[in-house]
Amino acid sequence: MTMSDLAGALRESRGFAHKRDIGDAMRALGAQAVGTGDDTAAIPDGDGWLLFAIEGFVADFVATMPWFAGWCGVMVNVSDIAAMGGRPVAVVDAVWSRGAEGSVQVMAGMAAASERYGVPVVGGHSNHRAHESQLAVAIVGRAKRLLTSFDARPGHDLVMAIDLRGAYQEPHPYWNAATEAPADRLRGDLEVLPAIAEAGLCGAAKDISMAGAAGTALMLLECSRAGAVIDVDAIPRPPGVPLARWLLSFPSFGFVLSVDRAHTGEVLARFAARDIAAAVVGRVDDSRRVTLRSGPDEAELWDLRSTPFILPGAPAHA
């Protein structure tokens, strides 16, 4: 597959389409959309920040993989908190189903993840008289020092860190390195992000979501009004997984970071100490263009100067 083909496949993907919906929401909210573009809301609170986020799940995912959907309700939220340099405190949920039995597996998955990640479910809402299964989970956390989506700077290394100790939830694009992992490993791996933030080793980060590794980097760069050339061959990838599939995958533990080159070695070493694959995949620049490169072959993924991806205009700071 050429880089032009790969860039086209990413632009046409479901993950990219869902992320572009963010711009529609921001336009509808107008001036009420404060700080949108980050993984969580960040509200000054005492000597730190109160972090608040919510995730909703598409109906077909909840219907076909209810236990895993419940697990992901907790997992993706704790990843959002970590991406902001924070630690999770608690979650609440909203579950809709046709009859009480329709939500049993969803709640079982949530309970398992709650226990493993050490994040209690402290309340929520249930409706057993809906026409189809739906799930939304919200989380609160705290950070002493923020990582944001707005502070990638030209000259920074673009780093990706992904836990490759897993397998696909076939036939879906979810790379699961979490459900079989012990609790101490899951909690210790997430602790890397707030530790990096508090040591002043990184300014900007996002967790890799349904937009995949390149799409998440695109969102980070857009919020920071920056660009980059991404070396797709340098992105940590499991053996035997085709590049095109991997770049459309949603890993259970995956982050994109913008790191001052003076700190890159230390950041990579901290992930390596947890057996998490991490590598420099590019360098942030001021082009506001995101390009994919494999050897001499390269193609533009997105030109943010002319076409916003998730933001309808200039990004607002939290």
# chains A, B, ... in the order shown; residues from 1 in each chain; ligands from 1
>>> residues_around(residues="stretch 66-72 of chain A", least_positions_apart="6", cutoff="7 Å", atoms="only C-alpha atoms", output="NGL selection string")
:A and (105-110 or 112-113)
>>> write_last_selection(atoms="all heavy atoms", output="mmCIF file, in the first residue's frame")
data_model
loop_
_atom_site.group_PDB
_atom_site.id
_atom_site.type_symbol
_atom_site.label_atom_id
_atom_site.label_comp_id
_atom_site.auth_asym_id
_atom_site.auth_seq_id
_atom_site.Cartn_x
_atom_site.Cartn_y
_atom_site.Cartn_z
ATOM 1 N N GLN A 105 -24.359 -8.164 31.237
ATOM 2 C CA GLN A 105 -22.982 -8.321 30.793
ATOM 3 C C GLN A 105 -22.246 -6.981 30.741
ATOM 4 O O GLN A 105 -21.052 -6.911 31.030
ATOM 5 C CB GLN A 105 -22.946 -9.004 29.429
ATOM 6 C CG GLN A 105 -23.264 -10.487 29.478
ATOM 7 C CD GLN A 105 -22.256 -11.236 30.334
ATOM 8 O OE1 GLN A 105 -21.045 -11.138 30.130
ATOM 9 N NE2 GLN A 105 -22.754 -11.967 31.313
ATOM 10 N N VAL A 106 -22.962 -5.926 30.366
ATOM 11 C CA VAL A 106 -22.348 -4.591 30.363
ATOM 12 C C VAL A 106 -21.870 -4.233 31.766
ATOM 13 O O VAL A 106 -20.721 -3.804 31.970
ATOM 14 C CB VAL A 106 -23.341 -3.530 29.851
ATOM 15 C CG1 VAL A 106 -22.759 -2.119 30.006
ATOM 16 C CG2 VAL A 106 -23.690 -3.788 28.390
ATOM 17 N N MET A 107 -22.735 -4.442 32.748
ATOM 18 C CA MET A 107 -22.382 -4.095 34.118
ATOM 19 C C MET A 107 -21.283 -5.009 34.661
ATOM 20 O O MET A 107 -20.424 -4.576 35.433
ATOM 21 C CB MET A 107 -23.624 -4.171 35.010
ATOM 22 C CG MET A 107 -24.751 -3.256 34.573
ATOM 23 S SD MET A 107 -24.274 -1.521 34.485
ATOM 24 C CE MET A 107 -24.120 -1.118 36.205
ATOM 25 N N ALA A 108 -21.288 -6.278 34.228
ATOM 26 C CA ALA A 108 -20.233 -7.196 34.662
ATOM 27 C C ALA A 108 -18.876 -6.737 34.136
ATOM 28 O O ALA A 108 -17.863 -6.798 34.850
ATOM 29 C CB ALA A 108 -20.538 -8.609 34.182
ATOM 30 N N GLY A 109 -18.828 -6.289 32.897
ATOM 31 C CA GLY A 109 -17.581 -5.771 32.343
ATOM 32 C C GLY A 109 -17.106 -4.529 33.062
ATOM 33 O O GLY A 109 -15.907 -4.372 33.344
ATOM 34 N N MET A 110 -18.042 -3.644 33.393
ATOM 35 C CA MET A 110 -17.681 -2.441 34.146
ATOM 36 C C MET A 110 -17.138 -2.806 35.519
ATOM 37 O O MET A 110 -16.138 -2.241 35.983
ATOM 38 C CB MET A 110 -18.892 -1.521 34.307
ATOM 39 C CG MET A 110 -19.247 -0.721 33.079
ATOM 40 S SD MET A 110 -20.466 0.551 33.470
ATOM 41 C CE MET A 110 -19.538 1.532 34.638
ATOM 42 N N ALA A 112 -15.674 -5.550 36.473
ATOM 43 C CA ALA A 112 -14.348 -6.165 36.368
ATOM 44 C C ALA A 112 -13.269 -5.101 36.165
ATOM 45 O O ALA A 112 -12.215 -5.137 36.808
ATOM 46 C CB ALA A 112 -14.325 -7.164 35.208
ATOM 47 N N ALA A 113 -13.529 -4.146 35.282
ATOM 48 C CA ALA A 113 -12.549 -3.090 35.036
ATOM 49 C C ALA A 113 -12.404 -2.182 36.245
ATOM 50 O O ALA A 113 -11.299 -1.735 36.582
ATOM 51 C CB ALA A 113 -12.954 -2.279 33.812
#
>>> residues_around(residues="A:Gly203", least_positions_apart="3", cutoff="7 Å", atoms="only C-alpha atoms", output="ChimeraX atom specification")
/A:147-148,151-152,258-259
>>> atom_distance(atom1="atom CA of A:Arg142", atom2="atom CA of A:Glu198")
12.4 Å
>>> select_by_dssp(residues="stretch 48-228 of chain A", states="strand (DSSP E)", output="MDAnalysis selection string")
chainID A and resid 48:57 86:98 121:127 129:143 157:162 167:168 174:176 204:207 227:228
>>> atom_distance(atom1="atom CA of A:Ala269", atom2="atom CA of A:Val281")
15.7 Å
>>> closest_residue(among="A:Ala82, A:Ala94, A:Ala195, A:Ala167", to="A:Ser133", atoms="only C-alpha atoms")
A:Ala94
>>> residues_around(residues="A:Leu146", least_positions_apart="2", cutoff="9 Å", atoms="only C-alpha atoms", output="MDAnalysis selection string")
chainID A and resid 42 48:49 83:86 143:144 148 194 197:198 203:204
>>> closest_residue(among="A:Asp207, A:Asp275, A:Glu266, A:Glu132", to="A:Pro251", atoms="only C-alpha atoms")
A:Asp207
>>> residues_around(residues="A:Val121", least_positions_apart="3", cutoff="7 Å", atoms="only C-alpha atoms", output="ChimeraX atom specification")
/A:90-92,114
>>> write_last_selection(atoms="C-alpha atoms", output="compact mmCIF listing (two decimals), in the first residue's frame")
# COMPACT_ATOMS: atom_id res chain seq x y z
CA ALA A 90 -14.38 7.50 40.37
CA VAL A 91 -16.81 6.83 37.53
CA VAL A 92 -20.58 6.95 37.01
CA SER A 114 -13.47 -1.07 38.12
>>> closest_atom_pairs(of="stretch 101-158 of chain A", to="stretch 179-189 of chain A", cutoff="8 Å", atoms="only C-alpha atoms", output="tab-separated table")
residue	atom	partner	partner_atom	distance
A:Ala113	CA	A:Thr179	CA	7.9
A:Arg116	CA	A:Ala183	CA	4.7
A:Tyr117	CA	A:Arg187	CA	5.8
A:Gly118	CA	A:Arg187	CA	7.7
>>> closest_residue(among="A:Gly212, A:Ala178, A:Val229, A:Phe61", to="A:Ala244", atoms="only C-alpha atoms")
A:Gly212
>>> closest_residue(among="A:Met65, A:Ala226, A:Val232, A:Ala59", to="A:Glu170", atoms="only C-alpha atoms")
A:Met65
>>> atom_distance(atom1="atom CA of A:Ile139", atom2="atom CA of A:Gly200")
24.8 Å
>>> residues_around(residues="A:Arg288", least_positions_apart="2", cutoff="8 Å", atoms="only C-alpha atoms", output="VMD selection string")
chain A and resid 221 to 222 225 to 228 285 to 286 290 303 to 305
>>> write_last_selection(atoms="all heavy atoms", output="PDB file, in the first residue's frame")
ATOM      1  N   LEU A 221      -1.859  17.703  17.076  1.00  0.00           N
ATOM      2  CA  LEU A 221      -1.174  18.746  16.319  1.00  0.00           C
ATOM      3  C   LEU A 221      -2.127  19.880  15.952  1.00  0.00           C
ATOM      4  O   LEU A 221      -1.743  21.055  15.963  1.00  0.00           O
ATOM      5  CB  LEU A 221      -0.540  18.138  15.072  1.00  0.00           C
ATOM      6  CG  LEU A 221       0.602  17.152  15.353  1.00  0.00           C
ATOM      7  CD1 LEU A 221       0.916  16.318  14.121  1.00  0.00           C
ATOM      8  CD2 LEU A 221       1.855  17.888  15.843  1.00  0.00           C
ATOM      9  N   GLU A 222      -3.373  19.539  15.634  1.00  0.00           N
ATOM     10  CA  GLU A 222      -4.344  20.587  15.316  1.00  0.00           C
ATOM     11  C   GLU A 222      -4.578  21.501  16.512  1.00  0.00           C
ATOM     12  O   GLU A 222      -4.586  22.725  16.378  1.00  0.00           O
ATOM     13  CB  GLU A 222      -5.666  19.980  14.869  1.00  0.00           C
ATOM     14  CG  GLU A 222      -6.708  21.041  14.521  1.00  0.00           C
ATOM     15  CD  GLU A 222      -8.029  20.457  14.047  1.00  0.00           C
ATOM     16  OE1 GLU A 222      -8.328  19.290  14.404  1.00  0.00           O
ATOM     17  OE2 GLU A 222      -8.758  21.156  13.322  1.00  0.00           O
ATOM     18  N   ARG A 225      -1.868  23.894  16.886  1.00  0.00           N
ATOM     19  CA  ARG A 225      -1.607  24.695  15.688  1.00  0.00           C
ATOM     20  C   ARG A 225      -0.225  24.365  15.115  1.00  0.00           C
ATOM     21  O   ARG A 225       0.572  25.240  14.786  1.00  0.00           O
ATOM     22  CB  ARG A 225      -1.739  26.195  15.976  1.00  0.00           C
ATOM     23  CG  ARG A 225      -3.124  26.591  16.490  1.00  0.00           C
ATOM     24  CD  ARG A 225      -3.277  28.091  16.676  1.00  0.00           C
ATOM     25  NE  ARG A 225      -3.192  28.801  15.389  1.00  0.00           N
ATOM     26  CZ  ARG A 225      -4.189  28.921  14.513  1.00  0.00           C
ATOM     27  NH1 ARG A 225      -5.361  28.335  14.753  1.00  0.00           N
ATOM     28  NH2 ARG A 225      -4.033  29.609  13.397  1.00  0.00           N
ATOM     29  N   ALA A 226       0.031  23.073  15.004  1.00  0.00           N
ATOM     30  CA  ALA A 226       1.334  22.594  14.549  1.00  0.00           C
ATOM     31  C   ALA A 226       1.139  21.524  13.482  1.00  0.00           C
ATOM     32  O   ALA A 226       0.016  21.213  13.074  1.00  0.00           O
ATOM     33  CB  ALA A 226       2.133  22.033  15.729  1.00  0.00           C
ATOM     34  N   GLY A 227       2.243  20.956  13.018  1.00  0.00           N
ATOM     35  CA  GLY A 227       2.225  19.891  12.037  1.00  0.00           C
ATOM     36  C   GLY A 227       3.366  18.933  12.297  1.00  0.00           C
ATOM     37  O   GLY A 227       4.139  19.095  13.244  1.00  0.00           O
ATOM     38  N   ALA A 228       3.503  17.924  11.437  1.00  0.00           N
ATOM     39  CA  ALA A 228       4.594  16.964  11.577  1.00  0.00           C
ATOM     40  C   ALA A 228       4.607  16.032  10.377  1.00  0.00           C
ATOM     41  O   ALA A 228       3.588  15.834   9.701  1.00  0.00           O
ATOM     42  CB  ALA A 228       4.451  16.141  12.861  1.00  0.00           C
ATOM     43  N   ASP A 285       6.501  20.417  13.843  1.00  0.00           N
ATOM     44  CA  ASP A 285       6.942  21.618  13.133  1.00  0.00           C
ATOM     45  C   ASP A 285       5.794  22.620  13.083  1.00  0.00           C
ATOM     46  O   ASP A 285       4.723  22.388  13.655  1.00  0.00           O
ATOM     47  CB  ASP A 285       7.449  21.264  11.725  1.00  0.00           C
ATOM     48  CG  ASP A 285       6.404  20.560  10.864  1.00  0.00           C
ATOM     49  OD1 ASP A 285       5.229  20.974  10.904  1.00  0.00           O
ATOM     50  OD2 ASP A 285       6.751  19.606  10.137  1.00  0.00           O
ATOM     51  N   ASP A 286       6.023  23.738  12.418  1.00  0.00           N
ATOM     52  CA  ASP A 286       4.999  24.787  12.383  1.00  0.00           C
ATOM     53  C   ASP A 286       4.224  24.806  11.070  1.00  0.00           C
ATOM     54  O   ASP A 286       3.555  25.785  10.740  1.00  0.00           O
ATOM     55  CB  ASP A 286       5.630  26.157  12.639  1.00  0.00           C
ATOM     56  CG  ASP A 286       6.665  26.536  11.585  1.00  0.00           C
ATOM     57  OD1 ASP A 286       6.876  25.752  10.636  1.00  0.00           O
ATOM     58  OD2 ASP A 286       7.267  27.625  11.715  1.00  0.00           O
ATOM     59  N   VAL A 290       0.032  17.555   8.196  1.00  0.00           N
ATOM     60  CA  VAL A 290       0.426  16.259   8.730  1.00  0.00           C
ATOM     61  C   VAL A 290       0.651  15.321   7.547  1.00  0.00           C
ATOM     62  O   VAL A 290      -0.246  15.100   6.726  1.00  0.00           O
ATOM     63  CB  VAL A 290      -0.629  15.692   9.687  1.00  0.00           C
ATOM     64  CG1 VAL A 290      -0.209  14.322  10.207  1.00  0.00           C
ATOM     65  CG2 VAL A 290      -0.848  16.658  10.858  1.00  0.00           C
ATOM     66  N   ASP A 303      -4.233  18.792   5.645  1.00  0.00           N
ATOM     67  CA  ASP A 303      -3.726  20.161   5.618  1.00  0.00           C
ATOM     68  C   ASP A 303      -4.621  20.998   6.521  1.00  0.00           C
ATOM     69  O   ASP A 303      -5.727  21.398   6.133  1.00  0.00           O
ATOM     70  CB  ASP A 303      -3.718  20.715   4.196  1.00  0.00           C
ATOM     71  CG  ASP A 303      -3.041  22.083   4.099  1.00  0.00           C
ATOM     72  OD1 ASP A 303      -2.824  22.719   5.160  1.00  0.00           O
ATOM     73  OD2 ASP A 303      -2.734  22.518   2.974  1.00  0.00           O
ATOM     74  N   LEU A 304      -4.153  21.242   7.729  1.00  0.00           N
ATOM     75  CA  LEU A 304      -4.948  21.959   8.727  1.00  0.00           C
ATOM     76  C   LEU A 304      -5.066  23.443   8.424  1.00  0.00           C
ATOM     77  O   LEU A 304      -5.901  24.128   9.010  1.00  0.00           O
ATOM     78  CB  LEU A 304      -4.333  21.744  10.120  1.00  0.00           C
ATOM     79  CG  LEU A 304      -4.401  20.305  10.639  1.00  0.00           C
ATOM     80  CD1 LEU A 304      -3.435  20.098  11.799  1.00  0.00           C
ATOM     81  CD2 LEU A 304      -5.829  19.958  11.064  1.00  0.00           C
ATOM     82  N   ARG A 305      -4.249  23.938   7.505  1.00  0.00           N
ATOM     83  CA  ARG A 305      -4.340  25.351   7.131  1.00  0.00           C
ATOM     84  C   ARG A 305      -5.638  25.637   6.382  1.00  0.00           C
ATOM     85  O   ARG A 305      -6.194  26.739   6.501  1.00  0.00           O
ATOM     86  CB  ARG A 305      -3.159  25.743   6.252  1.00  0.00           C
ATOM     87  CG  ARG A 305      -1.788  25.578   6.904  1.00  0.00           C
ATOM     88  CD  ARG A 305      -0.682  25.736   5.885  1.00  0.00           C
ATOM     89  NE  ARG A 305      -0.810  24.750   4.805  1.00  0.00           N
ATOM     90  CZ  ARG A 305      -0.011  24.687   3.750  1.00  0.00           C
ATOM     91  NH1 ARG A 305       0.981  25.571   3.618  1.00  0.00           N
ATOM     92  NH2 ARG A 305      -0.192  23.760   2.825  1.00  0.00           N
TER      93      ARG A 305
END
